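A.B. asks: Before I ask anything, here is the structure I am working with.
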Amino acid sequence: MREYKSTRNDEKTVQAKQAILQGLSQEGGLFVADWIEDYKLSLDTMKDLSYLQVAKKVFQILLPDFSEQEIEHCIEEAYGSSFDCDEITPLMSKDDLHVLELFHGPTQAFKDIGLQMLPQLMKCSLTEDEKDICILTATSGDTGKAALCGFQDVDRMSIQVFYPHEKVSEMQYLQMATQPGNNVHVCAIKGNFDDAQSAVKSIFEQRKDSDPVHFSSANSINIGRLIPQVVYYVFSYLQMVKQEQIQMGDKINFCVPTGNFGNVLAGYYAKKLGVPVAKLIVAANENNVLYDFFKDGMYNRNRMFHETISPSMDILVSSNLERLLYSECGKNSKQVEQWMKDLKVNGNYQIDAACFMHLKEQFYAGYATQQETKDAIASCFETYGYVLDPHTAVGYHVMKQYESPYKTVLLATASPYKFPQAVLEALHQEVHENVFDNLKQLEKVSGVCIPEALRSLQEKEILHHDVIEKEAIASYVYEKVKEG
Ligand SMILES: *Cc1c(COP(=O)(O)O)cnc(C)c1O
């Protein structure tokens, strides 16, 4: 049976179900499938498959301990009715622009693809004699709502979400603060995303058998969230063929607005499974740690933290890079552990030259300042009549910088309606005080309908008011667990 290994101790292996339940391995490593490149999808035969059928093919490779019925059931539950179009992730092509729209789920960001699926995978994995699960989630804005939506009122599971106080967009705030459900907690912390993520990670590292629940993660450190994201890379490649933009077998680039390195890593896995990828383009905002890393192999988080108009990418510690380092740098868990120790103690680490060369061949990295991001929104609208959200706009800017003989698919990670104010400003439109007036204004400009879930936030009651110091996260978590 194909099993998952920890990036920090690869002598221990667990099955996919266990890896999904645990989220993070005991010693703080991330689970990886180091056999992935031994399996190839037969793309030639997949051109006419639906999104759900493609998902099944991918899951059958990556979730070997799930039965065919379990996989089919999970896919139907996750994607059967919660997205607003049958293609789940439609590919919008206009002239030389190819945008993979990942925001057609219930919370208008790509996180829905993973987080509609993760609770289903967990339900399948949880046996009678195991403890109930408490999901802890640090969010820079989008994960929180998508996780709340996925886990709301799921039997034997509860969820606690921590987001940086006053550092998420107003729409993101309203989405989270109005979240119903009898198993949900939403709490703002006085700090940034990295503070929230490191507090949550340290709770995982201190898990004990005596804990009343099993703490797990809905962040992209959980392999159960990452695997569903592999599917849309495969699907969009097939769409490119179907739209006759390319011939089967031709290479393409994917350009990915990046924060925690989860999304682009899923693209790397898709490549391992046989999708002909030329380059994976990593697009960062002013928090350009990854851009610097791909210059010289030095990861250095010691720098100023910028609050930008693309808040879901305001991240200095990109957790999932650890998985890439494991795969590309000799599959040496001792080495990875040392780098992560360096990162924790000194705030940086330097990878060796040979490993760096491997990475350079496969990835290109760039970044956009806030002004460049705004200009990208304006310029894309002018050229193609297509409105980008401020995250996707970072990708657009970097994609236009990069010269390549291959076609590029740009991943649109959120709907512009999640960030109406920033988008209207960028388009030199009137900006109103009231966020819902801005939705209407944007609808007028873009000609695309406002998603009903966002429009209806106006009538919803604020249900969550907690704001705590970042040092208080752990005690908050245990208190809420005790309350049940
Ligand atoms: C989370 C998020 C990102 C960053 O994705 P990673 O997987 O963390 O790299 C980019 N854009 C949007 C809109 C997001 O919500």
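Labeling convention for the structure tokens: chains A, B, ... as they appear, residues from 1 per chain, ligands from 1 in order of appearance.
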I'd like the neighbourhood of region 469-475 of chain A as number ranges by chain, where a residue qualifies if any of its atoms comes within 8 Å (using only C-alpha atoms), though same-chain residues fewer than 3 positions away should be ignored.
C.D. replies: A: 189-191, 195-196, 199-200, 203, 478-479
A.B. asks: Please build the interface table for region 303-416 of chain A against region 227-237 of chain A with a cut-off of 12 Å, listing for each qualifying residue the nearest atom pair and the distance in Å to one decimal; count only C-alpha atoms, order rows by chain and increasing number, and write it as a Markdown table.
C.D. replies:
| residue | atom | partner | partner_atom | distance |
| --- | --- | --- | --- | --- |
| A:Lys407 | CA | A:Tyr237 | CA | 10.9 |
| A:Thr408 | CA | A:Tyr237 | CA | 10.3 |
| A:Val409 | CA | A:Ser236 | CA | 8.1 |
| A:Leu410 | CA | A:Ser236 | CA | 10.3 |
| A:Leu411 | CA | A:Tyr233 | CA | 9.3 |
| A:Ala412 | CA | A:Tyr232 | CA | 11.7 |
| A:Thr413 | CA | A:Gln229 | CA | 11.7 |
A.B. asks: Mind dumping the selected residues with N, CA, C and O atoms as a short mmCIF file (atom, residue, chain, number, x, y, z; two decimals), in the first residue's frame?
C.D. replies:
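Generated output (out-v9.cif):
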data_model
loop_
_atom_site.label_atom_id
_atom_site.label_comp_id
_atom_site.auth_asym_id
_atom_site.auth_seq_id
_atom_site.Cartn_x
_atom_site.Cartn_y
_atom_site.Cartn_z
N LYS A 407 2.04 28.79 -23.83
CA LYS A 407 0.85 29.47 -23.32
C LYS A 407 0.79 29.33 -21.80
O LYS A 407 1.33 28.39 -21.23
N THR A 408 0.13 30.29 -21.19
CA THR A 408 0.07 30.31 -19.73
C THR A 408 -1.37 30.36 -19.25
O THR A 408 -2.18 31.13 -19.77
N VAL A 409 -1.68 29.53 -18.27
CA VAL A 409 -2.97 29.60 -17.59
C VAL A 409 -2.78 30.36 -16.29
O VAL A 409 -1.93 30.01 -15.47
N LEU A 410 -3.57 31.42 -16.12
CA LEU A 410 -3.52 32.22 -14.89
C LEU A 410 -4.60 31.72 -13.94
O LEU A 410 -5.77 31.65 -14.31
N LEU A 411 -4.20 31.37 -12.74
CA LEU A 411 -5.18 30.90 -11.76
C LEU A 411 -5.82 32.09 -11.06
O LEU A 411 -5.12 32.90 -10.43
N ALA A 412 -7.15 32.21 -11.21
CA ALA A 412 -7.88 33.29 -10.54
C ALA A 412 -8.35 32.76 -9.20
O ALA A 412 -9.23 31.91 -9.12
N THR A 413 -7.73 33.28 -8.14
CA THR A 413 -7.92 32.66 -6.82
C THR A 413 -9.11 33.22 -6.05
O THR A 413 -9.54 32.61 -5.07
#
A.B. asks: Quick one: of A:Pro164, A:Gly144, A:Gly447, A:Pro90, who's nearest to Phe381 (chain A), counting only C-alpha atoms?
C.D. replies: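 Once distances to Phe381 (chain A) are computed over only C-alpha atoms, the minimum belongs to A:Gly447.
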A.B. asks: Using only C-alpha atoms, which of A:Tyr406, A:Tyr326, A:Tyr163, A:Tyr51 sits nearest Phe31 (chain A)?
C.D. replies: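 Using only C-alpha atoms, the shortest distance to Phe31 (chain A) belongs to A:Tyr326.
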A.B. asks: Which chains and residue numbers are within 8 Å of ligand 1, counting only C-alpha atoms and all ligand atoms, if I want them as a PyMOL selection string?
C.D. replies: chain A and resi 109-111+140-143+220+256-265+310+312-313+318+389-392+412-415
A.B. asks: For Glu403 (chain A), which residue among A:Tyr364, A:Tyr349, A:Phe305, A:Tyr476 is the nearest when counting only C-alpha atoms?
C.D. replies: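 Smallest separation from Glu403 (chain A) among the options: A:Tyr364.
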A.B. asks: As a ChimeraX atom specification, please: the residues near region 8-24 of chain A (cut-off 8 Å, only C-alpha atoms, same-chain neighbours under 3 positions excluded).
C.D. replies: /A:2-5,27-31,62-66,121-122,124-126,204,215-218,221-224,333-334,336-337
A.B. asks: What does the file look like for those residues with N, CA, C and O atoms, as a CSV table (one decimal), in the first residue's frame?
C.D. replies:
chain,number,residue,atom,x,y,z
A,2,ARG,N,0.5,2.2,-0.9
A,2,ARG,CA,1.3,3.5,-0.9
A,2,ARG,C,0.9,4.3,0.3
A,2,ARG,O,-0.2,4.6,0.6
A,3,GLU,N,2.0,4.7,1.0
A,3,GLU,CA,1.8,5.5,2.3
A,3,GLU,C,2.4,6.9,2.2
A,3,GLU,O,3.2,7.2,1.3
A,4,TYR,N,2.0,7.7,3.2
A,4,TYR,CA,2.6,9.0,3.3
A,4,TYR,C,3.7,9.1,4.4
A,4,TYR,O,3.6,8.4,5.4
A,5,LYS,N,4.7,9.9,4.1
A,5,LYS,CA,5.8,10.1,4.9
A,5,LYS,C,5.8,11.5,5.5
A,5,LYS,O,5.4,12.4,4.8
A,27,GLU,N,6.1,15.2,14.8
A,27,GLU,CA,7.3,16.0,15.1
A,27,GLU,C,7.2,17.3,14.3
A,27,GLU,O,8.2,18.0,14.1
A,28,GLY,N,6.1,17.6,13.8
A,28,GLY,CA,5.9,19.0,13.1
A,28,GLY,C,6.1,19.0,11.6
A,28,GLY,O,6.0,20.0,11.0
A,29,GLY,N,6.4,17.8,11.1
A,29,GLY,CA,6.6,17.7,9.6
A,29,GLY,C,5.3,17.7,8.9
A,29,GLY,O,4.2,17.6,9.4
A,30,LEU,N,5.4,17.8,7.5
A,30,LEU,CA,4.2,17.7,6.7
A,30,LEU,C,4.2,16.4,6.0
A,30,LEU,O,5.3,15.8,5.6
A,31,PHE,N,3.0,15.8,5.7
A,31,PHE,CA,2.9,14.5,5.0
A,31,PHE,C,3.1,14.7,3.5
A,31,PHE,O,2.6,15.6,2.9
A,62,LEU,N,-3.9,9.2,-5.4
A,62,LEU,CA,-3.3,9.8,-4.2
A,62,LEU,C,-4.0,9.4,-2.9
A,62,LEU,O,-3.5,9.6,-1.8
A,63,LEU,N,-5.2,8.7,-3.0
A,63,LEU,CA,-5.8,8.2,-1.7
A,63,LEU,C,-6.0,6.7,-1.8
A,63,LEU,O,-7.1,6.2,-1.9
A,64,PRO,N,-4.9,6.0,-1.8
A,64,PRO,CA,-5.0,4.5,-2.1
A,64,PRO,C,-5.8,3.7,-1.0
A,64,PRO,O,-6.3,2.6,-1.4
A,65,ASP,N,-5.9,4.2,0.2
A,65,ASP,CA,-6.7,3.5,1.2
A,65,ASP,C,-8.2,3.8,1.2
A,65,ASP,O,-8.9,3.4,2.1
A,66,PHE,N,-8.6,4.7,0.2
A,66,PHE,CA,-10.1,4.9,0.1
A,66,PHE,C,-10.6,4.0,-1.0
A,66,PHE,O,-10.0,3.8,-2.0
A,121,LEU,N,-13.5,13.9,3.4
A,121,LEU,CA,-12.4,12.9,3.5
A,121,LEU,C,-12.2,12.6,5.0
A,121,LEU,O,-11.9,11.4,5.3
A,122,MET,N,-12.3,13.6,5.9
A,122,MET,CA,-12.2,13.3,7.3
A,122,MET,C,-13.3,12.4,7.8
A,122,MET,O,-13.0,11.5,8.6
A,124,CYS,N,-14.9,10.1,6.2
A,124,CYS,CA,-14.5,8.8,5.8
A,124,CYS,C,-13.4,8.1,6.6
A,124,CYS,O,-13.3,6.9,6.7
A,125,SER,N,-12.5,9.0,7.1
A,125,SER,CA,-11.4,8.5,7.8
A,125,SER,C,-11.6,8.2,9.3
A,125,SER,O,-10.8,7.5,9.9
A,126,LEU,N,-12.6,8.8,9.8
A,126,LEU,CA,-12.8,8.8,11.3
A,126,LEU,C,-13.5,7.5,11.7
A,126,LEU,O,-14.6,7.3,11.3
A,204,PHE,N,-0.6,22.1,17.7
A,204,PHE,CA,-0.4,20.7,17.1
A,204,PHE,C,0.8,20.0,17.6
A,204,PHE,O,0.8,18.8,17.9
A,215,PHE,N,-7.0,17.4,17.8
A,215,PHE,CA,-6.8,18.7,17.0
A,215,PHE,C,-6.3,18.4,15.6
A,215,PHE,O,-5.3,17.7,15.5
A,216,SER,N,-6.9,19.0,14.6
A,216,SER,CA,-6.4,18.8,13.3
A,216,SER,C,-6.5,20.2,12.5
A,216,SER,O,-7.0,21.1,13.1
A,217,SER,N,-6.0,20.1,11.3
A,217,SER,CA,-5.8,21.4,10.6
A,217,SER,C,-6.6,21.4,9.3
A,217,SER,O,-6.7,20.4,8.6
A,218,ALA,N,-7.1,22.6,9.0
A,218,ALA,CA,-7.8,22.8,7.7
A,218,ALA,C,-6.9,23.7,6.8
A,218,ALA,O,-7.3,24.0,5.7
A,221,ILE,N,-1.4,22.9,5.1
A,221,ILE,CA,-0.5,21.9,5.6
A,221,ILE,C,-1.2,20.5,5.7
A,221,ILE,O,-0.5,19.5,5.8
A,222,ASN,N,-2.5,20.5,5.6
A,222,ASN,CA,-3.2,19.2,5.6
A,222,ASN,C,-3.3,18.7,4.1
A,222,ASN,O,-3.8,19.3,3.2
A,223,ILE,N,-2.7,17.5,3.9
A,223,ILE,CA,-2.6,16.9,2.6
A,223,ILE,C,-4.0,16.7,2.0
A,223,ILE,O,-4.2,16.7,0.8
A,224,GLY,N,-5.0,16.6,2.9
A,224,GLY,CA,-6.4,16.3,2.4
A,224,GLY,C,-7.0,17.6,1.8
A,224,GLY,O,-8.0,17.5,1.1
A,333,SER,N,15.0,13.8,5.1
A,333,SER,CA,14.2,14.4,6.2
A,333,SER,C,15.1,15.1,7.3
A,333,SER,O,14.7,16.0,7.9
A,334,LYS,N,16.3,14.5,7.5
A,334,LYS,CA,17.2,15.2,8.5
A,334,LYS,C,17.6,16.6,8.0
A,334,LYS,O,17.6,17.5,8.8
A,336,VAL,N,15.9,18.5,5.9
A,336,VAL,CA,14.7,19.4,6.0
A,336,VAL,C,14.5,19.9,7.4
A,336,VAL,O,14.2,21.0,7.7
A,337,GLU,N,14.6,18.9,8.3
A,337,GLU,CA,14.4,19.3,9.7
A,337,GLU,C,15.4,20.3,10.2
A,337,GLU,O,15.0,21.3,10.9
A.B. asks: So which residues of region 332-467 of chain A fall under strand (DSSP E or B) by DSSP, listed as a list in words?
C.D. replies: Asn348, Tyr349, Gln350, Phe363, Tyr364, Ala365, Gly366, Tyr367, Lys407, Thr408, Val409, Leu410, Leu411, Ala412, Ala414 and Val467 of chain A
A.B. asks: How would the residues just picked look written out with N, CA, C and O atoms as a compact mmCIF listing (two decimals), in the first residue's frame?
C.D. replies:
# COMPACT_ATOMS: atom_id res chain seq x y z
N ASN A 348 15.90 32.22 9.03
CA ASN A 348 16.30 31.96 7.64
C ASN A 348 16.97 30.59 7.48
O ASN A 348 17.33 29.95 8.46
N TYR A 349 17.11 30.18 6.24
CA TYR A 349 17.92 29.01 5.92
C TYR A 349 18.39 29.11 4.49
O TYR A 349 17.81 29.82 3.67
N GLN A 350 19.47 28.44 4.18
CA GLN A 350 20.07 28.48 2.84
C GLN A 350 20.12 27.05 2.30
O GLN A 350 20.74 26.18 2.91
N PHE A 363 10.59 26.36 -11.63
CA PHE A 363 9.81 27.49 -11.15
C PHE A 363 10.39 28.80 -11.65
O PHE A 363 11.60 28.94 -11.81
N TYR A 364 9.49 29.76 -11.89
CA TYR A 364 9.91 31.13 -12.11
C TYR A 364 9.17 31.95 -11.05
O TYR A 364 8.00 31.68 -10.76
N ALA A 365 9.84 32.93 -10.46
CA ALA A 365 9.17 33.73 -9.42
C ALA A 365 9.26 35.21 -9.73
O ALA A 365 10.27 35.69 -10.25
N GLY A 366 8.20 35.92 -9.45
CA GLY A 366 8.18 37.36 -9.61
C GLY A 366 7.28 37.96 -8.54
O GLY A 366 6.64 37.22 -7.79
N TYR A 367 7.24 39.27 -8.49
CA TYR A 367 6.30 39.88 -7.54
C TYR A 367 5.77 41.20 -8.09
O TYR A 367 6.33 41.76 -9.03
N LYS A 407 2.04 28.79 -23.83
CA LYS A 407 0.85 29.47 -23.32
C LYS A 407 0.79 29.33 -21.80
O LYS A 407 1.33 28.39 -21.23
N THR A 408 0.13 30.29 -21.19
CA THR A 408 0.07 30.31 -19.73
C THR A 408 -1.37 30.36 -19.25
O THR A 408 -2.18 31.13 -19.77
N VAL A 409 -1.68 29.53 -18.27
CA VAL A 409 -2.97 29.60 -17.59
C VAL A 409 -2.78 30.36 -16.29
O VAL A 409 -1.93 30.01 -15.47
N LEU A 410 -3.57 31.42 -16.12
CA LEU A 410 -3.52 32.22 -14.89
C LEU A 410 -4.60 31.72 -13.94
O LEU A 410 -5.77 31.65 -14.31
N LEU A 411 -4.20 31.37 -12.74
CA LEU A 411 -5.18 30.90 -11.76
C LEU A 411 -5.82 32.09 -11.06
O LEU A 411 -5.12 32.90 -10.43
N ALA A 412 -7.15 32.21 -11.21
CA ALA A 412 -7.88 33.29 -10.54
C ALA A 412 -8.35 32.76 -9.20
O ALA A 412 -9.23 31.91 -9.12
N ALA A 414 -9.61 34.37 -6.45
CA ALA A 414 -10.79 34.90 -5.75
C ALA A 414 -11.63 35.72 -6.72
O ALA A 414 -11.15 36.22 -7.74
N VAL A 467 -12.23 39.16 20.23
CA VAL A 467 -10.91 39.67 19.81
C VAL A 467 -9.95 39.39 20.96
O VAL A 467 -10.22 39.78 22.10
A.B. asks: For the atom pair CA of Gln160 (chain A) and CA of His214 (chain A), what is the interatomic distance in Å to one decimal place?
C.D. replies: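 These atoms are spaced 12.9 Å apart.
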A.B. asks: With distances taken over only C-alpha atoms, which residue among A:Asp112, A:Glu459, A:Glu76, A:Glu166 lies nearest Ala147 (chain A)?
C.D. replies: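 Comparing A:Asp112, A:Glu459, A:Glu76, A:Glu166 against Ala147 (chain A), the winner is A:Asp112.
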A.B. asks: So how many Å separate CA of Phe103 (chain A) and CA of Lys251 (chain A), to one decimal?
C.D. replies: 24.9 Å
A.B. asks: For region 83-87 of chain A, please output as a PyMOL selection string all residues within 8 Å (counting only C-alpha atoms; exclusion window: fewer than 6 positions along the same chain).
C.D. replies: chain A and resi 50-51+104-106
A.B. asks: For the selection just defined, write its residues with N, CA, C and O atoms to a file, as a PDB file, in the first residue's frame.
C.D. replies:
ATOM      1  N   SER A  50     -15.657  14.894 -17.139  1.00  0.00           N
ATOM      2  CA  SER A  50     -16.127  16.037 -16.361  1.00  0.00           C
ATOM      3  C   SER A  50     -15.139  16.296 -15.225  1.00  0.00           C
ATOM      4  O   SER A  50     -14.268  15.470 -14.940  1.00  0.00           O
ATOM      5  N   TYR A  51     -15.305  17.443 -14.557  1.00  0.00           N
ATOM      6  CA  TYR A  51     -14.440  17.757 -13.413  1.00  0.00           C
ATOM      7  C   TYR A  51     -14.499  16.632 -12.377  1.00  0.00           C
ATOM      8  O   TYR A  51     -13.467  16.188 -11.854  1.00  0.00           O
ATOM      9  N   HIS A 104     -15.866  29.722  -7.944  1.00  0.00           N
ATOM     10  CA  HIS A 104     -17.293  29.463  -8.117  1.00  0.00           C
ATOM     11  C   HIS A 104     -17.915  28.649  -6.993  1.00  0.00           C
ATOM     12  O   HIS A 104     -19.031  28.177  -7.102  1.00  0.00           O
ATOM     13  N   GLY A 105     -17.185  28.484  -5.905  1.00  0.00           N
ATOM     14  CA  GLY A 105     -17.716  27.770  -4.745  1.00  0.00           C
ATOM     15  C   GLY A 105     -18.469  28.682  -3.802  1.00  0.00           C
ATOM     16  O   GLY A 105     -18.653  29.870  -4.092  1.00  0.00           O
ATOM     17  N   PRO A 106     -18.883  28.132  -2.654  1.00  0.00           N
ATOM     18  CA  PRO A 106     -19.754  28.883  -1.735  1.00  0.00           C
ATOM     19  C   PRO A 106     -19.124  30.127  -1.110  1.00  0.00           C
ATOM     20  O   PRO A 106     -19.852  30.980  -0.618  1.00  0.00           O
TER      21      PRO A 106
END
